[in-house]
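Data file: start35.csv. Format and content: CSV, C-alpha atoms and all ligand atoms.
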chain,number,residue,atom,x,y,z
A,1,MET,CA,0.0,0.0,0.0
A,2,ARG,CA,1.3,3.5,-0.9
A,3,PRO,CA,1.9,5.6,2.2
A,4,GLU,CA,-0.8,8.2,2.6
A,5,ALA,CA,0.6,11.7,1.9
A,6,LEU,CA,0.5,13.5,5.2
A,7,PRO,CA,-1.4,16.7,5.1
A,8,SER,CA,0.6,19.5,6.7
A,9,LEU,CA,0.6,18.5,10.3
A,10,PRO,CA,0.2,20.9,13.2
A,11,ALA,CA,3.4,22.1,14.7
A,12,TRP,CA,4.3,19.9,17.6
A,13,GLU,CA,7.3,20.4,19.7
A,14,PRO,CA,7.9,16.9,21.2
A,15,VAL,CA,7.3,17.2,25.0
A,16,SER,CA,8.0,14.3,27.4
A,17,GLY,CA,5.1,12.5,28.9
A,18,LEU,CA,2.7,9.6,28.2
A,19,TYR,CA,0.2,10.2,25.3
A,20,ILE,CA,-2.9,8.1,25.3
A,21,LEU,CA,-3.7,8.1,21.6
A,22,ALA,CA,-6.8,6.9,19.8
A,23,THR,CA,-6.5,5.1,16.4
A,24,PRO,CA,-9.1,4.3,13.8
A,25,ILE,CA,-11.8,1.6,14.5
A,26,GLY,CA,-12.0,0.5,10.9
A,27,ASN,CA,-11.6,3.4,8.5
A,28,LEU,CA,-7.9,4.4,8.4
A,29,GLY,CA,-8.9,8.0,7.7
A,30,ASP,CA,-10.3,8.4,11.2
A,31,ILE,CA,-7.2,9.8,12.8
A,32,THR,CA,-6.5,13.4,13.8
A,33,LEU,CA,-3.7,15.5,12.4
A,34,ARG,CA,-2.5,16.0,15.9
A,35,ALA,CA,-2.4,12.2,16.5
A,36,LEU,CA,-0.3,11.8,13.3
A,37,ALA,CA,2.1,14.6,14.5
A,38,VAL,CA,2.5,13.0,17.9
A,39,LEU,CA,3.0,9.5,16.4
A,40,GLN,CA,5.7,11.0,14.1
A,41,GLY,CA,7.5,12.7,16.9
A,42,ALA,CA,7.2,9.9,19.5
A,43,ALA,CA,10.4,8.4,20.9
A,44,LEU,CA,8.5,5.2,21.6
A,45,ILE,CA,5.1,3.8,20.7
A,46,ALA,CA,3.8,1.2,23.2
A,47,CYS,CA,1.1,-1.0,21.5
A,48,GLU,CA,-0.9,-4.2,21.9
A,49,ASP,CA,0.4,-5.8,18.7
A,50,THR,CA,3.3,-4.4,16.7
A,51,ARG,CA,1.9,-5.8,13.4
A,52,VAL,CA,-1.4,-4.0,13.8
A,53,THR,CA,0.2,-0.7,14.7
A,54,GLY,CA,2.9,-1.2,12.2
A,55,LYS,CA,0.3,-1.4,9.4
A,56,LEU,CA,-1.3,1.9,10.5
A,57,LEU,CA,2.1,3.7,10.6
A,58,LYS,CA,3.1,2.3,7.3
A,59,HIS,CA,-0.1,3.6,5.8
A,60,TYR,CA,0.9,7.1,6.9
A,61,GLY,CA,4.6,6.6,6.1
A,62,ILE,CA,5.6,7.1,9.8
A,63,LYS,CA,8.7,5.3,11.1
A,64,ALA,CA,8.8,4.8,14.8
A,65,ARG,CA,10.1,2.5,17.6
A,66,LEU,CA,7.4,0.1,18.6
A,67,GLN,CA,7.2,-1.9,21.8
A,68,ARG,CA,4.6,-4.5,22.6
A,69,LEU,CA,2.8,-3.7,25.9
A,70,ASP,CA,-0.3,-5.7,26.2
A,71,ASP,CA,-2.4,-6.9,29.1
A,72,HIS,CA,0.2,-9.5,30.0
A,73,ALA,CA,3.0,-6.9,30.5
A,74,GLY,CA,4.4,-7.1,34.0
A,75,PRO,CA,5.2,-4.2,36.3
A,76,GLU,CA,8.9,-4.1,35.2
A,77,ALA,CA,7.9,-3.6,31.5
A,78,ARG,CA,5.5,-0.8,32.5
A,79,ALA,CA,8.1,0.8,34.8
A,80,ARG,CA,10.6,1.0,31.8
A,81,VAL,CA,8.0,2.7,29.6
A,82,ILE,CA,7.1,5.2,32.4
A,83,ASP,CA,10.8,5.9,33.0
A,84,GLU,CA,11.2,6.7,29.3
A,85,ALA,CA,8.2,9.0,29.4
A,86,ARG,CA,9.9,11.1,32.1
A,87,HIS,CA,12.3,12.5,29.5
A,88,SER,CA,10.7,11.7,26.1
A,89,PRO,CA,7.3,11.6,24.4
A,90,VAL,CA,5.9,8.1,24.7
A,91,VAL,CA,2.7,7.1,23.1
A,92,LEU,CA,0.2,4.3,24.1
A,93,VAL,CA,-2.1,3.0,21.4
A,94,SER,CA,-4.3,-0.1,21.3
A,95,ASP,CA,-5.1,-2.2,18.2
A,96,ALA,CA,-8.1,0.1,17.5
A,97,GLY,CA,-10.0,3.0,19.0
A,98,THR,CA,-9.3,4.5,22.4
A,99,PRO,CA,-6.8,2.7,24.7
A,100,LEU,CA,-8.3,1.7,28.1
A,101,ILE,CA,-11.8,1.4,26.7
A,102,SER,CA,-12.1,-2.5,26.9
A,103,ASP,CA,-8.4,-2.3,26.0
A,104,PRO,CA,-5.1,-2.4,28.0
A,105,GLY,CA,-3.6,0.7,29.6
A,106,TYR,CA,-5.3,1.3,33.0
A,107,ARG,CA,-2.4,0.1,35.1
A,108,LEU,CA,0.2,2.0,32.9
A,109,VAL,CA,-1.8,5.3,33.2
A,110,ARG,CA,-2.3,4.8,37.0
A,111,GLU,CA,1.3,4.1,37.6
A,112,ALA,CA,2.5,6.9,35.3
A,113,ARG,CA,0.4,9.4,37.2
A,114,ALA,CA,1.6,8.1,40.5
A,115,ALA,CA,5.2,8.5,39.3
A,116,GLY,CA,4.5,12.2,38.4
A,117,VAL,CA,4.7,11.7,34.7
A,118,ILE,CA,2.3,13.9,32.6
A,119,VAL,CA,-0.4,11.8,31.0
A,120,THR,CA,-2.3,13.5,28.2
A,121,SER,CA,-5.0,12.4,25.8
A,122,ILE,CA,-5.0,12.5,22.0
A,123,PRO,CA,-8.7,11.7,21.4
A,124,GLY,CA,-10.3,10.1,18.5
A,125,ALA,CA,-12.4,7.0,17.5
A,126,CYS,CA,-14.3,5.0,20.1
A,127,ALA,CA,-16.8,2.4,19.0
A,128,ALA,CA,-19.1,2.9,22.0
A,129,VAL,CA,-19.4,6.6,21.4
A,130,SER,CA,-19.8,6.2,17.7
A,131,ALA,CA,-22.6,3.7,18.2
A,132,LEU,CA,-24.3,5.9,20.8
A,133,ALA,CA,-24.1,8.8,18.3
A,134,ILE,CA,-26.0,7.0,15.6
A,135,ALA,CA,-28.4,4.7,17.4
A,136,GLY,CA,-31.1,7.2,18.2
A,137,LEU,CA,-31.4,6.1,21.8
A,138,PRO,CA,-31.3,8.6,24.7
A,139,SER,CA,-27.7,9.8,24.9
A,140,ASP,CA,-28.0,12.2,27.8
A,141,ARG,CA,-27.1,9.4,30.2
A,142,PHE,CA,-25.4,6.1,29.3
A,143,LEU,CA,-23.5,3.3,31.0
A,144,PHE,CA,-20.7,1.6,29.1
A,145,ALA,CA,-20.5,-1.9,30.5
A,146,GLY,CA,-17.8,-3.5,28.2
A,147,PHE,CA,-18.2,-7.0,26.9
A,148,LEU,CA,-21.2,-9.1,28.0
A,149,PRO,CA,-19.9,-12.3,29.5
A,150,ALA,CA,-19.9,-15.4,27.2
A,151,LYS,CA,-21.4,-17.8,29.8
A,152,ASP,CA,-25.2,-17.7,30.2
A,153,LYS,CA,-25.2,-17.5,34.0
A,154,ALA,CA,-22.7,-14.7,34.1
A,155,ARG,CA,-24.5,-12.8,31.3
A,156,LEU,CA,-27.8,-13.0,33.1
A,157,GLU,CA,-26.2,-11.9,36.4
A,158,MET,CA,-24.6,-8.9,34.7
A,159,LEU,CA,-27.9,-7.9,32.9
A,160,ALA,CA,-29.9,-8.4,36.1
A,161,GLY,CA,-27.5,-6.2,38.0
A,162,LEU,CA,-28.1,-3.4,35.5
A,163,ALA,CA,-31.9,-3.7,35.5
A,164,GLY,CA,-32.5,-0.6,37.6
A,165,THR,CA,-30.1,1.6,35.7
A,166,ALA,CA,-31.9,4.6,34.2
A,167,ALA,CA,-29.6,5.1,31.3
A,168,THR,CA,-28.9,3.7,27.9
A,169,LEU,CA,-26.7,0.6,28.3
A,170,VAL,CA,-23.8,0.1,25.9
A,171,PHE,CA,-22.1,-3.2,25.5
A,172,TYR,CA,-19.4,-4.6,23.2
A,173,GLU,CA,-20.4,-7.9,21.7
A,174,THR,CA,-19.1,-10.5,19.3
A,175,ALA,CA,-21.0,-11.8,16.2
A,176,PRO,CA,-21.3,-15.4,17.4
A,177,ARG,CA,-22.8,-14.4,20.8
A,178,LEU,CA,-25.2,-11.6,19.5
A,179,GLU,CA,-28.3,-13.8,19.2
A,180,LYS,CA,-28.0,-15.3,22.6
A,181,SER,CA,-27.5,-11.9,24.2
A,182,LEU,CA,-30.5,-10.5,22.4
A,183,LEU,CA,-32.7,-13.5,23.5
A,184,ALA,CA,-31.6,-12.9,27.2
A,185,ILE,CA,-32.4,-9.2,26.8
A,186,ALA,CA,-35.8,-10.0,25.2
A,187,GLU,CA,-36.7,-12.2,28.3
A,188,LEU,CA,-35.7,-9.5,30.7
A,189,TRP,CA,-36.9,-6.3,28.9
A,190,PRO,CA,-39.3,-7.3,26.1
A,191,ASP,CA,-40.4,-3.7,25.5
A,192,ARG,CA,-37.1,-1.8,25.5
A,193,GLU,CA,-35.7,-0.3,22.4
A,194,VAL,CA,-32.4,-2.0,21.4
A,195,ALA,CA,-29.8,-1.1,18.7
A,196,VAL,CA,-27.1,-3.2,17.1
A,197,ALA,CA,-24.4,-1.1,15.6
A,198,ARG,CA,-22.1,-3.2,13.4
A,199,GLU,CA,-18.9,-2.6,11.4
A,200,LEU,CA,-18.9,1.1,12.3
A,201,THR,CA,-16.9,3.3,9.9
A,202,LYS,CA,-16.4,0.3,7.5
A,203,LEU,CA,-17.9,-0.7,4.2
A,204,HIS,CA,-20.7,-2.7,5.6
A,205,GLU,CA,-21.7,-0.4,8.5
A,206,GLU,CA,-25.2,-0.9,9.7
A,207,CYS,CA,-27.3,0.2,12.7
A,208,ARG,CA,-30.5,-1.7,13.2
A,209,THR,CA,-33.0,-0.9,15.9
A,210,GLY,CA,-36.1,-2.7,17.3
A,211,THR,CA,-37.1,-4.9,20.2
A,212,ALA,CA,-34.5,-7.5,21.3
A,213,ALA,CA,-36.8,-10.3,20.1
A,214,ALA,CA,-37.2,-8.8,16.6
A,215,LEU,CA,-33.5,-8.2,16.4
A,216,ALA,CA,-32.8,-11.8,17.6
A,217,ALA,CA,-35.1,-13.1,14.9
A,218,HIS,CA,-33.4,-11.0,12.2
A,219,TYR,CA,-29.9,-12.1,13.2
A,220,ALA,CA,-31.0,-15.8,13.4
A,221,ALA,CA,-32.0,-15.5,9.8
A,222,HIS,CA,-29.0,-13.3,8.8
A,223,PRO,CA,-26.0,-14.4,10.9
A,224,PRO,CA,-24.0,-11.2,11.6
A,225,LYS,CA,-20.3,-10.8,10.8
A,226,GLY,CA,-17.8,-8.3,12.1
A,227,GLU,CA,-17.6,-6.0,15.1
A,228,ILE,CA,-20.6,-5.1,17.1
A,229,VAL,CA,-21.9,-2.6,19.7
A,230,LEU,CA,-25.1,-3.5,21.4
A,231,LEU,CA,-27.2,-0.8,23.0
A,232,VAL,CA,-30.3,-1.1,25.2
A,233,GLY,CA,-32.5,1.9,25.9
A,234,PRO,CA,-33.4,2.9,29.4
A,235,PRO,CA,-36.5,1.6,31.1
A,236,SER,CA,-39.7,3.5,30.4
A,237,ASP,CA,-41.9,4.8,33.3
A,238,SER,CA,-44.4,2.0,32.6
A,239,GLU,CA,-41.8,-0.8,32.6
A,240,ALA,CA,-42.6,-3.7,35.0
A,241,PRO,CA,-40.9,-3.6,38.4
A,242,LEU,CA,-37.2,-3.3,38.0
A,243,LEU,CA,-36.5,-6.5,39.7
A,244,ASP,CA,-38.9,-8.8,37.8
A,245,THR,CA,-37.9,-12.2,39.3
A,246,ASP,CA,-40.2,-14.1,37.0
A,247,ALA,CA,-38.4,-12.6,34.0
A,248,LEU,CA,-35.0,-13.4,35.5
A,249,LEU,CA,-36.1,-17.0,36.3
A,250,ARG,CA,-37.6,-17.5,32.8
A,251,ALA,CA,-34.3,-16.3,31.2
A,252,ALA,CA,-32.3,-18.6,33.5
A,253,LEU,CA,-34.6,-21.5,32.8
A,254,ALA,CA,-33.9,-21.2,29.1
A,255,ASP,CA,-30.5,-22.7,29.7
A,256,ALA,CA,-30.7,-24.5,33.0
A,257,GLY,CA,-33.0,-26.6,35.2
A,258,PRO,CA,-35.0,-25.1,38.1
A,259,GLY,CA,-32.3,-25.7,40.7
A,260,LYS,CA,-29.5,-24.0,38.8
A,261,ALA,CA,-31.8,-21.2,37.6
A,262,ALA,CA,-32.9,-20.5,41.2
A,263,GLY,CA,-29.2,-20.4,42.2
A,264,VAL,CA,-28.3,-17.9,39.5
A,265,VAL,CA,-31.2,-15.6,40.3
A,266,ALA,CA,-30.6,-15.9,44.0
A,267,LYS,CA,-27.0,-14.8,43.5
A,268,ALA,CA,-28.0,-11.9,41.2
A,269,THR,CA,-30.8,-10.6,43.4
A,270,GLY,CA,-30.1,-11.7,47.0
A,271,ILE,CA,-33.5,-13.3,47.2
A,272,ASP,CA,-33.9,-16.6,49.1
A,273,ARG,CA,-33.0,-19.6,46.9
A,274,ALA,CA,-35.7,-21.9,48.2
A,275,THR,CA,-38.4,-19.4,47.3
A,276,LEU,CA,-37.0,-18.9,43.9
A,277,TYR,CA,-36.7,-22.7,43.4
A,278,ALA,CA,-40.4,-23.1,44.2
A,279,ARG,CA,-41.3,-20.4,41.7
A,280,ALA,CA,-38.9,-21.9,39.1
A,281,LEU,CA,-40.8,-25.2,39.3
A,282,GLU,CA,-44.1,-23.4,38.8
A,283,LEU,CA,-42.8,-21.4,35.8
A,284,LYS,CA,-41.3,-24.5,34.3
A,285,ASP,CA,-44.6,-26.4,34.4
A,286,ALA,CA,-46.7,-23.4,33.4
B,1,LIG,N1,-10.8,0.5,22.4
B,1,LIG,C1,-11.8,0.2,21.4
B,1,LIG,C2,-12.8,1.4,21.3
B,1,LIG,O1,-12.4,2.5,21.6
B,1,LIG,O2,-13.9,1.2,20.8
B,1,LIG,C3,-12.6,-1.1,21.7
B,1,LIG,C4,-11.7,-2.3,21.8
B,1,LIG,S1,-12.5,-3.7,22.2
B,1,LIG,C5,-11.2,-4.9,22.4
B,1,LIG,C6,-13.1,-4.3,20.6
B,1,LIG,C7,-14.6,-4.3,20.5
B,1,LIG,O3,-15.1,-3.0,20.3
B,1,LIG,C8,-15.2,-5.1,19.4
B,1,LIG,O4,-15.3,-6.5,19.8
B,1,LIG,C9,-16.5,-4.5,19.2
B,1,LIG,O5,-17.5,-4.9,20.2
B,1,LIG,C10,-16.2,-3.0,19.4
B,1,LIG,N2,-15.8,-2.4,18.1
B,1,LIG,C11,-14.6,-2.0,17.7
B,1,LIG,N3,-14.6,-1.5,16.5
B,1,LIG,C12,-15.9,-1.6,16.1
B,1,LIG,C13,-16.5,-1.2,14.9
B,1,LIG,N4,-15.9,-0.7,13.9
B,1,LIG,N5,-17.9,-1.4,14.8
B,1,LIG,C14,-18.6,-1.9,15.9
B,1,LIG,N6,-18.0,-2.3,17.0
B,1,LIG,C15,-16.7,-2.1,17.1

Could you take the file, read its structure, and then write that structure out as structure tokens?
Amino acid sequence: MRPEALPSLPAWEPVSGLYILATPIGNLGDITLRALAVLQGAALIACEDTRVTGKLLKHYGIKARLQRLDDHAGPEARARVIDEARHSPVVLVSDAGTPLISDPGYRLVREARAAGVIVTSIPGACAAVSALAIAGLPSDRFLFAGFLPAKDKARLEMLAGLAGTAATLVFYETAPRLEKSLLAIAELWPDREVAVARELTKLHEECRTGTAAALAAHYAAHPPKGEIVLLVGPPSDSEAPLLDTDALLRAALADAGPGKAAGVVAKATGIDRATLYARALELKDA
């Protein structure tokens, strides 16, 4: 690929510190001029995967020293990066989007701040924010909850724990798990408005809205591909009680027997397990 000709970059006098820099989430054009100037002037770029970041730099004809610093990096590796940031500009990027948002960097930032190193942000793409911006769901208050767990029990516990949140819920999701997550949401909140934002900024970008049940049916018929943000609108004033134990039990019973279902819901709600077990038996036979 021919390197992109850099537009005239803003003047940037390299200053020491740690720069938390956002990279594109699909469309390589989604990077700011300031981000390119900082990448060009960096003494070191710490990244999740040197191949992924190398590709972005190559696209813009930027040569830089790269060092892998992913979630498995130990305290010594972070300390070396922080030491370098005391006297030179050091950049942290992730594979895509904003570092620390379901990506590594939290410990590094925390330790750099504790060490008195200046930490600054070079903002840009973030899938959660882009999805919220186009979904048409209330955006005045939202809660970003990262990835929904893969296991049915853990997923249900997480959703149940968010039942009372008066805000749009934003999750990262994977294509193979989308339908199951939508079915769990349909059991808990059949009337809420849900949005699936897929492949944002890419060729096949789509944002589909509807009830969770309708979306689950759509994606059962058209298995999704690519990267996904799943959003759930806030409860309406008329929504059934926030802690609808029957809905929780029904969702749990979809994948487990009455005993296990009662255990899952008891853990999520703090309600007595024996009571829930009795109700789970009733619901199962209903
Ligand atoms: N740090 C990134 C950010 O700022 O969005 C997120 C990194 S997280 C490891 C990757 C997840 O973000 C994907 O599995 C998907 O849920 C979401 N994601 C990233 N890029 C996306 C895109 N172009 N469209 C939809 N979702 C995306």

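The closest residue to ligand LIG 1 (chain B), picked from A:Leu28, A:Ala133, A:Ala145, A:Ile228 and counting only C-alpha atoms and all ligand atoms, is A:Ile228.
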
8 Å contact set for segment 242-252 of chain A, all atoms listed in the file, chain neighbours under 5 positions out, as a list in words: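 Final neighbour list, sorted by chain and number: Asp152, Lys153, Leu156, Ala160, Ala163, Gly164, Ala184, Glu187, Leu188, Ala261, Ala262, Val264, Val265, Thr269, Leu276, Arg279, Ala280 and Leu283 of chain A.
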
Around segment 148-162 of chain A, with edges along x, y and z and 5 Å added on all six sides, what centre and edge lengths do you get, in Å to one decimal, as lines of an AutoDock Vina configuration file?
center_x = -24.9
center_y = -10.6
center_z = 32.6
size_x = 20.0
size_y = 24.4
size_z = 20.8

Point-to-point distance in Å for atom O2 of ligand LIG 1 (chain B) and atom CA of Asp140 of chain A: 19.2 Å

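Nearest residue to ligand LIG 1 (chain B), choosing from A:Thr168, A:Ser238, A:Ser139, A:Thr174 and counting only C-alpha atoms and all ligand atoms: A:Thr174.
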
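Shortest atom-to-atom contact with ligand LIG 1 (chain B) among A:Leu18, A:Val93, A:Ala42, A:Ala35: A:Val93, counting only C-alpha atoms and all ligand atoms.
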
Give me, as a Markdown table, the closest atom pair and its distance (Å, one decimal) for every residue of chain A within a cut-off of 6 Å of ligand LIG 1 (chain B), counting all atoms listed in the file, rows sorted by chain and rising number.
| residue | atom | partner | partner_atom | distance |
| --- | --- | --- | --- | --- |
| A:Ile25 | CA | B:LIG1 | N3 | 4.6 |
| A:Gly26 | CA | B:LIG1 | N4 | 5.1 |
| A:Ala96 | CA | B:LIG1 | C1 | 5.4 |
| A:Gly97 | CA | B:LIG1 | O1 | 3.6 |
| A:Thr98 | CA | B:LIG1 | O1 | 3.8 |
| A:Pro99 | CA | B:LIG1 | N1 | 5.1 |
| A:Ile101 | CA | B:LIG1 | N1 | 4.5 |
| A:Ser102 | CA | B:LIG1 | S1 | 4.9 |
| A:Asp103 | CA | B:LIG1 | N1 | 5.2 |
| A:Cys126 | CA | B:LIG1 | O1 | 3.5 |
| A:Ala127 | CA | B:LIG1 | O2 | 3.6 |
| A:Ala128 | CA | B:LIG1 | O2 | 5.6 |
| A:Tyr172 | CA | B:LIG1 | O5 | 3.6 |
| A:Glu173 | CA | B:LIG1 | O5 | 4.4 |
| A:Thr174 | CA | B:LIG1 | O4 | 5.5 |
| A:Ala197 | CA | B:LIG1 | C14 | 5.9 |
| A:Arg198 | CA | B:LIG1 | C14 | 4.5 |
| A:Glu199 | CA | B:LIG1 | N5 | 3.7 |
| A:Leu200 | CA | B:LIG1 | N5 | 3.7 |
| A:Thr201 | CA | B:LIG1 | N4 | 5.7 |
| A:Glu227 | CA | B:LIG1 | N6 | 4.2 |
| A:Ile228 | CA | B:LIG1 | N6 | 3.8 |
| A:Val229 | CA | B:LIG1 | N6 | 4.8 |

Please, could you write that set of residues out with C-alpha atoms as a short mmCIF file (atom, residue, chain, number, x, y, z; two decimals), in the coordinates of the input?
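Generated file (selection11.cif):
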data_model
loop_
_atom_site.label_atom_id
_atom_site.label_comp_id
_atom_site.auth_asym_id
_atom_site.auth_seq_id
_atom_site.Cartn_x
_atom_site.Cartn_y
_atom_site.Cartn_z
CA ILE A 25 -11.80 1.60 14.50
CA GLY A 26 -12.00 0.50 10.90
CA ALA A 96 -8.10 0.10 17.50
CA GLY A 97 -10.00 3.00 19.00
CA THR A 98 -9.30 4.50 22.40
CA PRO A 99 -6.80 2.70 24.70
CA ILE A 101 -11.80 1.40 26.70
CA SER A 102 -12.10 -2.50 26.90
CA ASP A 103 -8.40 -2.30 26.00
CA CYS A 126 -14.30 5.00 20.10
CA ALA A 127 -16.80 2.40 19.00
CA ALA A 128 -19.10 2.90 22.00
CA TYR A 172 -19.40 -4.60 23.20
CA GLU A 173 -20.40 -7.90 21.70
CA THR A 174 -19.10 -10.50 19.30
CA ALA A 197 -24.40 -1.10 15.60
CA ARG A 198 -22.10 -3.20 13.40
CA GLU A 199 -18.90 -2.60 11.40
CA LEU A 200 -18.90 1.10 12.30
CA THR A 201 -16.90 3.30 9.90
CA GLU A 227 -17.60 -6.00 15.10
CA ILE A 228 -20.60 -5.10 17.10
CA VAL A 229 -21.90 -2.60 19.70
#

Report as number ranges by chain all protein, DNA and RNA residues lying within 12 Å of Ala214 of chain A, evaluated on only C-alpha atoms, omitting residues in the same chain fewer than 4 positions from it. A: 179, 182-183, 185-186, 190-196, 208-210, 218-221

For Arg141 of chain A: contacts at 12 Å, all atoms listed in the file, fewer than 4 positions along chain excluded, given as number ranges by chain: A: 132, 137, 165-170, 233-234

Keeping C-alpha atoms for every residue in the selection just given, could you write it to a file as an mmCIF file, in the frame of the given file?
data_model
loop_
_atom_site.group_PDB
_atom_site.id
_atom_site.type_symbol
_atom_site.label_atom_id
_atom_site.label_comp_id
_atom_site.auth_asym_id
_atom_site.auth_seq_id
_atom_site.Cartn_x
_atom_site.Cartn_y
_atom_site.Cartn_z
ATOM 1 C CA LEU A 132 -24.300 5.900 20.800
ATOM 2 C CA LEU A 137 -31.400 6.100 21.800
ATOM 3 C CA THR A 165 -30.100 1.600 35.700
ATOM 4 C CA ALA A 166 -31.900 4.600 34.200
ATOM 5 C CA ALA A 167 -29.600 5.100 31.300
ATOM 6 C CA THR A 168 -28.900 3.700 27.900
ATOM 7 C CA LEU A 169 -26.700 0.600 28.300
ATOM 8 C CA VAL A 170 -23.800 0.100 25.900
ATOM 9 C CA GLY A 233 -32.500 1.900 25.900
ATOM 10 C CA PRO A 234 -33.400 2.900 29.400
#

Selected residue, from A:Leu66, A:Leu230, A:Leu9, A:Val91, that lies nearest to Phe144 of chain A when counting only C-alpha atoms: A:Leu230

With only C-alpha atoms as the basis for distance, which of A:Pro89, A:Gly29, A:Pro10, A:Gly124 is at the shortest distance from Tyr60 of chain A? A:Gly29

Is it possible to get the residues within 12 Å of (-7.8, 13.6, 19.1) (coordinates as in the file, counting only C-alpha atoms) written as a list in words?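 Using only C-alpha atoms, the matching residues come out as Tyr19, Ile20, Leu21, Ala22, Thr23, Pro24, Asp30, Ile31, Thr32, Leu33, Arg34, Ala35, Leu36, Ala37, Val38, Leu39, Gly97, Thr98, Thr120, Ser121, Ile122, Pro123, Gly124, Ala125 and Cys126 of chain A.
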
Could you state the separation of atom CA of Lys63 of chain A and atom CA of Glu13 of chain A in Å, given to one decimal place?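 Distance reported for this atom pair: 17.4 Å.
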